[in-house]
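Listing of query_36.txt; format and content: compact mmCIF, C-alpha atoms.
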# COMPACT_ATOMS: atom_id res chain seq x y z
CA MET A 1 48.43 178.83 70.93
CA PRO A 2 48.40 175.01 71.00
CA HIS A 3 45.79 173.10 69.01
CA SER A 4 43.37 170.55 70.43
CA CYS A 5 45.57 167.69 69.22
CA SER A 6 48.69 169.17 70.83
CA PRO A 7 50.57 167.16 73.47
CA ARG A 8 49.33 168.04 76.95
CA VAL A 9 51.71 168.86 79.78
CA ALA A 10 50.71 169.44 83.42
CA LEU A 11 52.99 171.73 85.38
CA VAL A 12 52.13 170.63 88.90
CA THR A 13 51.98 173.39 91.48
CA CYS A 14 50.59 174.05 94.97
CA THR A 15 47.72 176.08 96.42
CA GLU A 16 50.03 178.83 97.70
CA TYR A 17 51.62 179.38 94.27
CA PRO A 18 49.20 177.91 91.72
CA ALA A 19 50.92 179.69 88.80
CA LEU A 20 54.50 179.41 90.14
CA LEU A 21 56.63 182.41 91.07
CA PRO A 22 56.95 185.27 88.57
CA GLU A 23 60.48 184.26 87.59
CA ASP A 24 59.28 180.74 86.72
CA ALA A 25 55.85 181.42 85.21
CA GLY A 26 57.30 182.19 81.78
CA ILE A 27 57.65 178.47 81.12
CA LEU A 28 53.92 178.29 80.31
CA PRO A 29 53.86 180.74 77.36
CA LEU A 30 57.18 179.30 76.18
CA LEU A 31 55.64 175.84 75.91
CA HIS A 32 52.54 177.30 74.24
CA SER A 33 54.80 178.92 71.62
CA ARG A 34 56.06 175.43 70.79
CA GLY A 35 52.57 174.10 70.20
CA ILE A 36 52.35 172.31 73.54
CA ASP A 37 49.11 172.44 75.51
CA ALA A 38 50.62 173.15 78.91
CA GLN A 39 48.68 174.17 81.99
CA PHE A 40 49.21 174.63 85.69
CA ALA A 41 47.59 171.99 87.91
CA VAL A 42 47.56 172.07 91.72
CA TRP A 43 48.50 168.64 93.06
CA THR A 44 45.80 168.70 95.76
CA ASP A 45 42.99 169.55 93.31
CA PRO A 46 40.70 166.48 93.17
CA SER A 47 39.11 167.63 89.91
CA ILE A 48 42.31 167.16 87.87
CA ASP A 49 42.25 164.26 85.44
CA TRP A 50 45.94 163.37 85.50
CA ALA A 51 45.47 160.61 82.93
CA SER A 52 44.56 163.24 80.34
CA PHE A 53 48.14 164.53 80.19
CA ASP A 54 51.04 163.24 78.14
CA VAL A 55 53.55 164.50 80.69
CA VAL A 56 53.14 165.55 84.33
CA VAL A 57 56.03 167.48 85.93
CA ALA A 58 56.24 168.30 89.63
CA ILE A 59 57.71 171.72 88.97
CA GLY A 60 56.15 173.61 91.90
CA VAL A 61 54.72 171.26 94.55
CA TRP A 62 56.26 173.48 97.22
CA GLY A 63 55.17 172.75 100.76
CA TYR A 64 54.49 169.07 100.09
CA TYR A 65 56.44 168.18 103.24
CA LYS A 66 53.75 169.83 105.36
CA GLN A 67 51.24 167.30 103.96
CA HIS A 68 53.68 164.46 103.53
CA HIS A 69 51.26 161.56 104.02
CA ARG A 70 48.82 163.09 101.54
CA PHE A 71 51.67 163.71 99.11
CA LEU A 72 52.82 160.09 99.35
CA GLN A 73 49.26 158.97 98.64
CA TRP A 74 49.18 161.22 95.57
CA LEU A 75 52.42 159.65 94.37
CA SER A 76 50.99 156.17 94.91
CA ASP A 77 47.89 157.10 92.93
CA MET A 78 50.05 158.39 90.08
CA GLU A 79 52.11 155.23 90.19
CA ARG A 80 49.13 152.89 90.30
CA ASN A 81 47.46 154.65 87.39
CA ARG A 82 50.72 154.76 85.40
CA ILE A 83 50.63 158.51 85.03
CA PRO A 84 53.82 159.76 83.27
CA LEU A 85 55.07 161.78 86.24
CA TRP A 86 58.60 163.17 86.27
CA ASN A 87 60.67 162.64 88.15
CA SER A 88 59.26 159.17 88.72
CA PRO A 89 56.97 158.64 91.75
CA SER A 90 59.49 156.24 93.28
CA LEU A 91 62.38 158.70 92.95
CA ILE A 92 60.30 161.59 94.30
CA ARG A 93 59.16 159.42 97.22
CA TRP A 94 62.77 158.49 98.01
CA ASN A 95 63.89 162.12 97.77
CA SER A 96 61.05 163.51 99.89
CA ASP A 97 62.73 162.33 103.11
CA LYS A 98 66.20 163.78 103.76
CA ARG A 99 67.35 160.47 105.19
CA TYR A 100 68.15 159.68 101.56
CA LEU A 101 71.50 161.37 102.30
CA CYS A 102 72.50 158.39 104.44
CA ASP A 103 71.51 156.09 101.60
CA LEU A 104 73.78 158.02 99.24
CA ALA A 105 76.61 157.85 101.79
CA THR A 106 76.42 154.04 101.66
CA ARG A 107 76.85 154.35 97.89
CA GLY A 108 80.06 156.29 98.31
CA VAL A 109 78.84 159.88 98.08
CA ARG A 110 80.62 162.31 100.38
CA ILE A 111 77.94 164.00 102.47
CA VAL A 112 78.11 166.38 105.38
CA PRO A 113 78.36 164.03 108.42
CA THR A 114 74.80 163.36 109.55
CA VAL A 115 73.21 162.00 112.71
CA VAL A 116 69.62 160.86 112.23
CA VAL A 117 67.24 160.89 115.19
CA GLU A 118 64.02 159.04 114.43
CA ALA A 119 60.64 160.67 114.98
CA GLY A 120 59.18 160.11 118.43
CA LEU A 121 62.52 159.55 120.14
CA SER A 122 63.89 161.75 122.87
CA VAL A 123 67.52 162.84 122.68
CA ARG A 124 69.48 165.64 124.31
CA LEU A 125 71.01 167.92 121.72
CA THR A 126 73.86 168.79 124.08
CA GLU A 127 74.78 165.12 124.40
CA VAL A 128 74.86 164.60 120.63
CA LEU A 129 77.10 167.60 120.00
CA THR A 130 79.38 166.59 122.86
CA ALA A 131 79.61 162.98 121.68
CA TYR A 132 80.73 164.04 118.20
CA GLU A 133 82.74 167.05 119.40
CA TRP A 134 80.82 169.46 117.19
CA ASP A 135 81.04 173.03 118.47
CA PHE A 136 78.34 174.21 116.08
CA ALA A 137 75.62 172.22 114.32
CA VAL A 138 72.68 172.65 111.98
CA ILE A 139 69.48 170.80 112.84
CA LYS A 140 66.64 170.25 110.38
CA PRO A 141 63.59 168.00 109.94
CA ALA A 142 63.93 165.06 107.56
CA LEU A 143 60.66 166.28 106.06
CA SER A 144 61.42 169.84 105.06
CA ALA A 145 62.63 172.26 102.40
CA CYS A 146 63.73 175.90 102.17
CA ALA A 147 65.24 175.79 105.69
CA TYR A 148 61.83 175.00 107.22
CA ARG A 149 62.28 174.60 111.01
CA THR A 150 66.05 174.58 110.48
CA PHE A 151 68.21 176.11 113.18
CA ARG A 152 71.85 176.47 114.12
CA ALA A 153 73.04 175.60 117.60
CA GLU A 154 76.25 176.00 119.58
CA ARG A 155 77.35 173.19 121.86
CA ALA A 156 77.81 175.52 124.82
CA THR A 157 74.20 176.75 124.62
CA ALA A 158 72.51 173.77 122.98
CA ASP A 159 70.06 173.35 125.84
CA THR A 160 68.38 176.61 124.81
CA HIS A 161 67.48 174.94 121.49
CA GLN A 162 66.20 171.67 122.94
CA ALA A 163 62.56 172.69 122.54
CA GLU A 164 63.10 173.29 118.81
CA LEU A 165 64.46 169.77 118.38
CA ASP A 166 61.60 168.32 120.41
CA VAL A 167 59.06 170.02 118.14
CA ILE A 168 60.70 168.52 115.07
CA LEU A 169 60.68 165.02 116.56
CA GLU A 170 56.96 165.19 117.24
CA SER A 171 56.22 164.77 113.53
CA SER A 172 59.47 164.02 111.70
CA SER A 173 62.89 162.49 112.04
CA ALA A 174 65.65 165.04 112.57
CA LEU A 175 69.04 165.47 110.94
CA ILE A 176 71.89 166.86 113.04
CA GLN A 177 74.97 167.94 111.09
CA PRO A 178 78.14 169.84 111.99
CA PHE A 179 78.10 173.42 110.77
CA PHE A 180 80.54 173.97 107.90
CA PRO A 181 81.87 177.56 108.17
CA GLU A 182 82.82 177.32 104.48
CA ILE A 183 79.17 178.05 103.69
CA ARG A 184 79.85 181.62 104.85
CA THR A 185 83.32 182.06 103.38
CA ALA A 186 83.15 180.07 100.13
CA GLY A 187 79.41 179.62 99.59
CA GLU A 188 77.24 176.76 98.38
CA TRP A 189 77.56 175.41 94.84
CA THR A 190 74.49 174.48 92.82
CA PHE A 191 74.58 172.32 89.68
CA CYS A 192 71.45 172.12 87.52
CA TYR A 193 71.05 169.07 85.27
CA TYR A 194 68.48 168.30 82.60
CA ASP A 195 68.50 164.71 81.36
CA GLY A 196 71.93 164.17 82.89
CA VAL A 197 73.48 167.15 81.10
CA LEU A 198 74.69 170.18 83.05
CA SER A 199 72.60 173.25 82.21
CA HIS A 200 74.03 175.91 84.51
CA THR A 201 76.03 176.32 87.71
CA LEU A 202 75.59 178.83 90.50
CA LEU A 203 77.30 179.93 93.67
CA LYS A 204 75.05 180.97 96.53
CA MET A 205 76.11 183.05 99.53
CA PRO A 206 74.20 183.73 102.76
CA ALA A 207 73.56 187.18 104.12
CA ALA A 208 76.08 188.54 106.61
CA GLN A 209 75.85 186.77 109.97
CA ASP A 210 73.48 184.15 108.53
CA TYR A 211 74.13 180.64 107.22
CA ARG A 212 71.06 180.07 105.04
CA VAL A 213 71.52 180.73 101.33
CA GLN A 214 67.81 180.91 100.43
CA ARG A 215 66.64 184.24 99.02
CA ARG A 216 63.95 184.61 101.67
CA TYR A 217 66.74 184.89 104.26
CA GLY A 218 68.77 187.39 102.25
CA GLY A 219 70.95 184.91 100.38
CA ILE A 220 72.22 185.81 96.92
CA ALA A 221 73.11 183.67 93.91
CA GLU A 222 75.10 184.26 90.76
CA LEU A 223 76.15 182.20 87.76
CA ARG A 224 79.63 180.74 88.10
CA GLN A 225 81.93 178.45 86.16
CA ALA A 226 82.98 175.51 88.32
CA PRO A 227 86.46 174.00 87.91
CA PRO A 228 86.73 170.55 86.24
CA TRP A 229 87.52 168.70 89.47
CA LEU A 230 84.36 170.09 91.08
CA LEU A 231 82.19 169.32 88.04
CA GLU A 232 83.38 165.72 88.16
CA GLN A 233 82.53 165.30 91.85
CA ALA A 234 79.10 166.88 91.45
CA HIS A 235 78.23 164.69 88.47
CA SER A 236 79.27 161.57 90.41
CA VAL A 237 76.26 162.18 92.67
CA LEU A 238 73.97 161.60 89.67
CA ASP A 239 75.67 158.26 89.06
CA ALA A 240 74.88 157.20 92.63
CA LEU A 241 71.15 157.96 92.51
CA PRO A 242 68.74 155.00 92.57
CA GLU A 243 67.68 155.81 89.01
CA GLN A 244 68.47 158.36 86.33
CA PRO A 245 66.43 161.52 86.96
CA ALA A 246 64.91 163.63 84.21
CA TYR A 247 66.11 166.65 86.15
CA ALA A 248 68.26 167.19 89.22
CA ARG A 249 69.83 169.96 91.23
CA ILE A 250 72.93 169.07 93.24
CA ASP A 251 73.87 171.40 96.10
CA GLY A 252 77.00 171.21 98.21
CA VAL A 253 79.95 172.90 99.84
CA CYS A 254 83.67 172.49 99.26
CA ARG A 255 86.43 171.90 101.76
CA ALA A 256 89.66 172.37 99.86
CA ARG A 257 89.07 170.22 96.75
CA ASP A 258 86.48 167.93 98.36
CA PHE A 259 82.80 168.42 97.50
CA TYR A 260 80.33 167.60 100.29
CA LEU A 261 76.76 166.99 99.22
CA MET A 262 74.16 168.96 101.14
CA GLU A 263 71.09 168.26 99.00
CA ALA A 264 70.12 166.34 95.88
CA GLU A 265 66.98 168.20 94.77
CA LEU A 266 64.87 165.84 92.63
CA ILE A 267 61.33 167.11 93.26
CA GLU A 268 60.70 170.85 92.79
CA PRO A 269 64.02 172.71 92.86
CA SER A 270 64.33 176.38 92.07
CA TRP A 271 66.19 176.70 88.77
CA PHE A 272 67.12 180.40 89.01
CA PHE A 273 65.78 180.99 85.51
CA GLU A 274 66.14 184.73 86.03
CA LEU A 275 69.95 184.42 86.15
CA ASP A 276 70.39 182.47 82.90
CA PRO A 277 68.16 183.52 79.97
CA TYR A 278 68.77 180.20 78.24
CA ALA A 279 68.05 177.93 81.22
CA MET A 280 64.28 178.07 80.73
CA ILE A 281 64.74 177.21 77.05
CA ARG A 282 66.80 174.16 77.99
CA TYR A 283 64.13 173.18 80.51
CA ALA A 284 61.45 173.45 77.82
CA ASP A 285 63.64 171.27 75.59
CA LEU A 286 63.65 168.66 78.36
CA LEU A 287 59.85 168.69 78.66
CA GLU A 288 59.53 168.18 74.91
CA THR A 289 61.73 165.09 75.09
CA LEU A 290 59.67 163.70 78.00
CA ILE A 291 56.52 163.80 75.88
CA HIS A 292 57.94 161.02 73.73
CA ARG A 293 59.47 159.02 76.57
CA SER A 294 57.94 156.09 78.41
CA PRO A 295 57.12 156.61 82.08
CA ALA A 296 60.15 156.40 84.33
CA PRO A 297 60.92 153.15 86.17
CA THR A 298 59.58 152.74 89.69
CA THR A 299 62.41 150.94 91.41
CA ALA A 300 64.05 153.57 93.59
CA ARG A 301 64.96 152.28 97.03
CA GLN A 302 63.68 153.93 100.16
CA PRO A 303 66.15 155.75 102.42
CA GLU A 304 67.98 153.64 104.92
CA THR A 305 67.58 154.74 108.52
CA SER A 306 70.59 154.48 110.78
CA ALA A 307 69.65 156.52 113.81
CA ASN A 308 72.38 158.36 115.66
CA GLN A 309 75.14 157.16 113.34
CA PRO A 310 77.01 159.87 111.42
CA ARG A 311 77.47 159.11 107.74
CA SER A 312 79.97 160.85 105.49
CA GLY A 313 80.55 158.94 102.26
CA THR A 314 83.92 159.22 100.50
CA ARG A 315 83.11 159.06 96.82

Please re-express this file's structure in structure tokens.
Amino acid sequence: MPHSCSPRVALVTCTEYPALLPEDAGILPLLHSRGIDAQFAVWTDPSIDWASFDVVVAIGVWGYYKQHHRFLQWLSDMERNRIPLWNSPSLIRWNSDKRYLCDLATRGVRIVPTVVVEAGLSVRLTEVLTAYEWDFAVIKPALSACAYRTFRAERATADTHQAELDVILESSSALIQPFFPEIRTAGEWTFCYYDGVLSHTLLKMPAAQDYRVQRRYGGIAELRQAPPWLLEQAHSVLDALPEQPAYARIDGVCRARDFYLMEAELIEPSWFFELDPYAMIRYADLLETLIHRSPAPTTARQPETSANQPRSGTR
């Protein structure tokens, strides 16, 4: 067990999973075994003295997008009080709105073509899909995670999904993207980085007749070795980020030998610790290095908003 003079680390969680999921919870005793005074801390708990920690890591703030304004205020408080939060408050803020994808496209990253419809606007889904000649599309809120309020629509029957889009636009911008069938045939690649170094790589596949790779929808994941050309393209996404993250998960799909970014997870990604017995050790190594590091810079730009313009960078 850690001593009273041990470095203190807050593993920030949420009210629904205050001690993380079972496959992730082992990080706490692992840190204790290294003499680190680590504890779980729910980000909405007003009794937490964040300034008492040497390192604060947003490992499990799942569901933050449902309280986005409150979450942004928490980030501002951490920033104002110079709390050593990782990733930095500015980078987390930037990443919390999926319009960051358009920002990355302007920096040369190849993303799945994306139409952004701003919150409060009214747009006919049928007209968008017709204008861009997309037979199938995936629609999601800009403020979301884990396929929250995400749906797939066919151009021929898009009117039957109009109400779903309208609900999204009541409280969030919406992203409309063409459906890539490769997600079903070739899967989604995931690259996990700690301090800019690749830790492990996975390939995720959706359940039959589905398109979502998350486990809650029947998706499966397994460790895979990615070819050098794919590793290079995935790592180039890190180079395009507004600042160097302490940790990052890069998700995307391949068409031939072109990698298309779907998500850059910089807040609370799942690391699939249960698939790689050494991944949690490497993550603990990262947290140890952060104890001795100055707080991250706070200069990340906010996502650019270019409503109704598809972006598909060519990095």

Q | Of the listed residues A:Trp271, A:Phe191, A:Trp50, A:Trp62, that which approaches Ala145 of chain A most closely, counting all atoms listed in the file | A | A:Trp62

Q. For the point (59.3, 177.6, 86.0) in file coordinates, what residues are within 12 Å, counting only C-alpha atoms? Give the answer as an MDAnalysis selection string?
A. chainID A and resid 11:13 17:31 39:40 57:61 268:274 279:284 287

Q.
Just the number, please: distance in Å from atom CA of Leu198 of chain A to atom CA of Leu91 of chain A, one decimal.
A.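 Between these atoms lies a distance of 19.5 Å.
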
Q) Excluding same-chain residues fewer than 5 positions from Trp74 of chain A, what lies within 9 Å of it counting all atoms listed in the file, as a PyMOL selection string? A) chain A and resi 43-44+69+79

Q.
Using all atoms listed in the file for the distances, tell me which of A:Ala163, A:Val115, A:Val253, A:Val42 is nearest to Gln233 of chain A.
A.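 Among the listed residues, A:Val253 lies closest to Gln233 of chain A.
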
Q: Find the residue from A:Cys254, A:Met262, A:Leu275, A:Val123 that sits nearest to Ala221 of chain A; use only C-alpha atoms when measuring.
A: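 Closest residue, counting only C-alpha atoms: A:Leu275.
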
(Q) Using Å and a single decimal, report how far atom CA of Ala264 of chain A sits from atom CA of Arg249 of chain A. (A)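 Rounded to one decimal, the two atoms are 5.9 Å apart.
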
Q: Have a look at A:Ser6, A:Ser88, A:Thr15, A:Gln162 and name the one nearest to Thr126 of chain A; count only C-alpha atoms.
A: A:Gln162

Q.
Set the distance at 12 Å and use only C-alpha atoms: which residues neighbour Glu263 of chain A once local chain neighbours fewer than 6 positions away are removed? I'd like the list as a ChimeraX atom specification.
A. /A:95-102,104,109-112,142,144-147,188-191,234,237-238,248-253,269

Q.
Every residue with an atom at most 7 Å from (55.8, 165.1, 81.9) (file coordinates; only C-alpha atoms) is what I'm after, so could you write them as a list in words?
A.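 Checked against the point, the hits come out as Val9, Ala10, Asp54, Val55, Val56, Val57, Pro84, Leu85, Trp86, Leu287, Leu290 and Ile291 of chain A.
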
Q: Could you please determine the separation between atom CA of Asp159 of chain A and atom CA of Leu125 of chain A in Å, to one decimal place?
A: 6.9 Å

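For Gln177 of chain A, the non-local neighbours within 10 Å, defined as residues at least 3 positions apart in the same chain or in other chains and counting all atoms listed in the file, are A:Ile111, A:Val112, A:Pro113, A:Thr114, A:Val115, A:Val116, A:Leu129, A:Tyr132, A:Trp134, A:Phe136, A:Ala137, A:Val138, A:Ile139, A:Lys140, A:Arg152, A:Ala174, A:Phe180, A:Pro310, A:Arg311.
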
Produce a file of the selected residues containing C-alpha atoms, as a CSV table (one decimal), in the coordinates of the input.
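File written: part.csv
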chain,number,residue,atom,x,y,z
A,111,ILE,CA,77.9,164.0,102.5
A,112,VAL,CA,78.1,166.4,105.4
A,113,PRO,CA,78.4,164.0,108.4
A,114,THR,CA,74.8,163.4,109.6
A,115,VAL,CA,73.2,162.0,112.7
A,116,VAL,CA,69.6,160.9,112.2
A,129,LEU,CA,77.1,167.6,120.0
A,132,TYR,CA,80.7,164.0,118.2
A,134,TRP,CA,80.8,169.5,117.2
A,136,PHE,CA,78.3,174.2,116.1
A,137,ALA,CA,75.6,172.2,114.3
A,138,VAL,CA,72.7,172.6,112.0
A,139,ILE,CA,69.5,170.8,112.8
A,140,LYS,CA,66.6,170.2,110.4
A,152,ARG,CA,71.8,176.5,114.1
A,174,ALA,CA,65.6,165.0,112.6
A,180,PHE,CA,80.5,174.0,107.9
A,310,PRO,CA,77.0,159.9,111.4
A,311,ARG,CA,77.5,159.1,107.7

Q | A:Gly63, A:Pro245, A:Pro141, A:Pro7 ranked by distance to Tyr193 of chain A, top pick (using only C-alpha atoms) | A |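 Residue with the minimum atom-to-atom distance to Tyr193 of chain A: A:Pro245.
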
**Q.** Pick from A:Ile220, A:Ile48, A:Met78, A:Ala38, whichever lies nearest to Ala208 of chain A using only C-alpha atoms
**A.**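 Looking at the shortest contact to Ala208 of chain A, the residue is A:Ile220.
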
Since the input is missing atoms, can you rebuild N, CA, C and O atoms for segment 251-277 of chain A and write them as a PDB file, in the frame of the given file?
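Wrote it out as out26.pdb, contents follow:
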ATOM      1  N   ASP A 251      73.372 170.304  95.287  1.00  0.00           N
ATOM      2  CA  ASP A 251      73.870 171.400  96.100  1.00  0.00           C
ATOM      3  C   ASP A 251      74.919 170.882  97.080  1.00  0.00           C
ATOM      4  O   ASP A 251      74.739 169.812  97.682  1.00  0.00           O
ATOM      5  N   GLY A 252      75.991 171.638  97.259  1.00  0.00           N
ATOM      6  CA  GLY A 252      77.000 171.210  98.210  1.00  0.00           C
ATOM      7  C   GLY A 252      78.023 172.291  98.494  1.00  0.00           C
ATOM      8  O   GLY A 252      78.009 173.377  97.905  1.00  0.00           O
ATOM      9  N   VAL A 253      78.918 171.971  99.403  1.00  0.00           N
ATOM     10  CA  VAL A 253      79.950 172.900  99.840  1.00  0.00           C
ATOM     11  C   VAL A 253      81.301 172.225  99.694  1.00  0.00           C
ATOM     12  O   VAL A 253      81.405 170.997  99.789  1.00  0.00           O
ATOM     13  N   CYS A 254      82.320 173.029  99.451  1.00  0.00           N
ATOM     14  CA  CYS A 254      83.670 172.490  99.260  1.00  0.00           C
ATOM     15  C   CYS A 254      84.544 172.762 100.480  1.00  0.00           C
ATOM     16  O   CYS A 254      84.504 173.845 101.063  1.00  0.00           O
ATOM     17  N   ARG A 255      85.333 171.747 100.821  1.00  0.00           N
ATOM     18  CA  ARG A 255      86.430 171.900 101.760  1.00  0.00           C
ATOM     19  C   ARG A 255      87.687 171.544 100.992  1.00  0.00           C
ATOM     20  O   ARG A 255      87.864 170.382 100.620  1.00  0.00           O
ATOM     21  N   ALA A 256      88.520 172.548 100.754  1.00  0.00           N
ATOM     22  CA  ALA A 256      89.660 172.370  99.860  1.00  0.00           C
ATOM     23  C   ALA A 256      89.126 171.902  98.511  1.00  0.00           C
ATOM     24  O   ALA A 256      88.281 172.558  97.922  1.00  0.00           O
ATOM     25  N   ARG A 257      89.542 170.718  98.035  1.00  0.00           N
ATOM     26  CA  ARG A 257      89.070 170.220  96.750  1.00  0.00           C
ATOM     27  C   ARG A 257      88.102 169.046  96.931  1.00  0.00           C
ATOM     28  O   ARG A 257      87.917 168.235  96.018  1.00  0.00           O
ATOM     29  N   ASP A 258      87.469 168.970  98.106  1.00  0.00           N
ATOM     30  CA  ASP A 258      86.480 167.930  98.360  1.00  0.00           C
ATOM     31  C   ASP A 258      85.085 168.535  98.378  1.00  0.00           C
ATOM     32  O   ASP A 258      84.828 169.499  99.108  1.00  0.00           O
ATOM     33  N   PHE A 259      84.184 167.962  97.573  1.00  0.00           N
ATOM     34  CA  PHE A 259      82.800 168.420  97.500  1.00  0.00           C
ATOM     35  C   PHE A 259      81.947 167.592  98.446  1.00  0.00           C
ATOM     36  O   PHE A 259      81.942 166.357  98.387  1.00  0.00           O
ATOM     37  N   TYR A 260      81.226 168.258  99.342  1.00  0.00           N
ATOM     38  CA  TYR A 260      80.330 167.600 100.290  1.00  0.00           C
ATOM     39  C   TYR A 260      78.890 167.882  99.884  1.00  0.00           C
ATOM     40  O   TYR A 260      78.461 169.034  99.839  1.00  0.00           O
ATOM     41  N   LEU A 261      78.159 166.827  99.612  1.00  0.00           N
ATOM     42  CA  LEU A 261      76.760 166.990  99.220  1.00  0.00           C
ATOM     43  C   LEU A 261      75.925 167.465 100.392  1.00  0.00           C
ATOM     44  O   LEU A 261      75.981 166.894 101.486  1.00  0.00           O
ATOM     45  N   MET A 262      75.115 168.488 100.144  1.00  0.00           N
ATOM     46  CA  MET A 262      74.160 168.960 101.140  1.00  0.00           C
ATOM     47  C   MET A 262      72.740 168.555 100.758  1.00  0.00           C
ATOM     48  O   MET A 262      71.947 168.189 101.619  1.00  0.00           O
ATOM     49  N   GLU A 263      72.419 168.638  99.468  1.00  0.00           N
ATOM     50  CA  GLU A 263      71.090 168.260  99.000  1.00  0.00           C
ATOM     51  C   GLU A 263      71.183 167.739  97.570  1.00  0.00           C
ATOM     52  O   GLU A 263      71.954 168.265  96.757  1.00  0.00           O
ATOM     53  N   ALA A 264      70.378 166.745  97.262  1.00  0.00           N
ATOM     54  CA  ALA A 264      70.120 166.340  95.880  1.00  0.00           C
ATOM     55  C   ALA A 264      68.641 166.646  95.646  1.00  0.00           C
ATOM     56  O   ALA A 264      67.767 165.925  96.148  1.00  0.00           O
ATOM     57  N   GLU A 265      68.359 167.727  94.952  1.00  0.00           N
ATOM     58  CA  GLU A 265      66.980 168.200  94.770  1.00  0.00           C
ATOM     59  C   GLU A 265      66.387 167.545  93.523  1.00  0.00           C
ATOM     60  O   GLU A 265      66.745 167.886  92.397  1.00  0.00           O
ATOM     61  N   LEU A 266      65.441 166.627  93.740  1.00  0.00           N
ATOM     62  CA  LEU A 266      64.870 165.840  92.630  1.00  0.00           C
ATOM     63  C   LEU A 266      63.360 166.005  92.525  1.00  0.00           C
ATOM     64  O   LEU A 266      62.721 165.283  91.756  1.00  0.00           O
ATOM     65  N   ILE A 267      62.787 166.947  93.272  1.00  0.00           N
ATOM     66  CA  ILE A 267      61.330 167.110  93.260  1.00  0.00           C
ATOM     67  C   ILE A 267      60.951 168.432  92.599  1.00  0.00           C
ATOM     68  O   ILE A 267      60.469 168.458  91.464  1.00  0.00           O
ATOM     69  N   GLU A 268      61.160 169.551  93.291  1.00  0.00           N
ATOM     70  CA  GLU A 268      60.700 170.850  92.790  1.00  0.00           C
ATOM     71  C   GLU A 268      61.754 171.927  93.064  1.00  0.00           C
ATOM     72  O   GLU A 268      61.462 172.920  93.731  1.00  0.00           O
ATOM     73  N   PRO A 269      62.981 171.717  92.568  1.00  0.00           N
ATOM     74  CA  PRO A 269      64.020 172.710  92.860  1.00  0.00           C
ATOM     75  C   PRO A 269      63.777 174.041  92.153  1.00  0.00           C
ATOM     76  O   PRO A 269      63.142 174.090  91.099  1.00  0.00           O
ATOM     77  N   SER A 270      64.279 175.090  92.758  1.00  0.00           N
ATOM     78  CA  SER A 270      64.330 176.380  92.070  1.00  0.00           C
ATOM     79  C   SER A 270      65.472 176.312  91.066  1.00  0.00           C
ATOM     80  O   SER A 270      66.579 175.869  91.381  1.00  0.00           O
ATOM     81  N   TRP A 271      65.197 176.776  89.834  1.00  0.00           N
ATOM     82  CA  TRP A 271      66.190 176.700  88.770  1.00  0.00           C
ATOM     83  C   TRP A 271      66.901 178.021  88.518  1.00  0.00           C
ATOM     84  O   TRP A 271      67.791 178.089  87.689  1.00  0.00           O
ATOM     85  N   PHE A 272      66.498 179.085  89.189  1.00  0.00           N
ATOM     86  CA  PHE A 272      67.120 180.400  89.010  1.00  0.00           C
ATOM     87  C   PHE A 272      67.099 180.807  87.536  1.00  0.00           C
ATOM     88  O   PHE A 272      68.092 181.276  86.979  1.00  0.00           O
ATOM     89  N   PHE A 273      65.935 180.626  86.915  1.00  0.00           N
ATOM     90  CA  PHE A 273      65.780 180.990  85.510  1.00  0.00           C
ATOM     91  C   PHE A 273      66.146 182.451  85.244  1.00  0.00           C
ATOM     92  O   PHE A 273      66.610 182.807  84.153  1.00  0.00           O
ATOM     93  N   GLU A 274      65.913 183.297  86.234  1.00  0.00           N
ATOM     94  CA  GLU A 274      66.140 184.730  86.030  1.00  0.00           C
ATOM     95  C   GLU A 274      67.622 185.067  85.862  1.00  0.00           C
ATOM     96  O   GLU A 274      67.965 186.147  85.374  1.00  0.00           O
ATOM     97  N   LEU A 275      68.518 184.155  86.252  1.00  0.00           N
ATOM     98  CA  LEU A 275      69.950 184.420  86.150  1.00  0.00           C
ATOM     99  C   LEU A 275      70.551 183.947  84.825  1.00  0.00           C
ATOM    100  O   LEU A 275      71.624 184.409  84.435  1.00  0.00           O
ATOM    101  N   ASP A 276      69.887 183.009  84.174  1.00  0.00           N
ATOM    102  CA  ASP A 276      70.390 182.470  82.900  1.00  0.00           C
ATOM    103  C   ASP A 276      69.244 182.499  81.889  1.00  0.00           C
ATOM    104  O   ASP A 276      68.304 181.707  81.985  1.00  0.00           O
ATOM    105  N   PRO A 277      69.278 183.396  80.913  1.00  0.00           N
ATOM    106  CA  PRO A 277      68.160 183.520  79.970  1.00  0.00           C
ATOM    107  C   PRO A 277      67.931 182.283  79.120  1.00  0.00           C
ATOM    108  O   PRO A 277      66.861 182.137  78.526  1.00  0.00           O
TER     109      PRO A 277
END
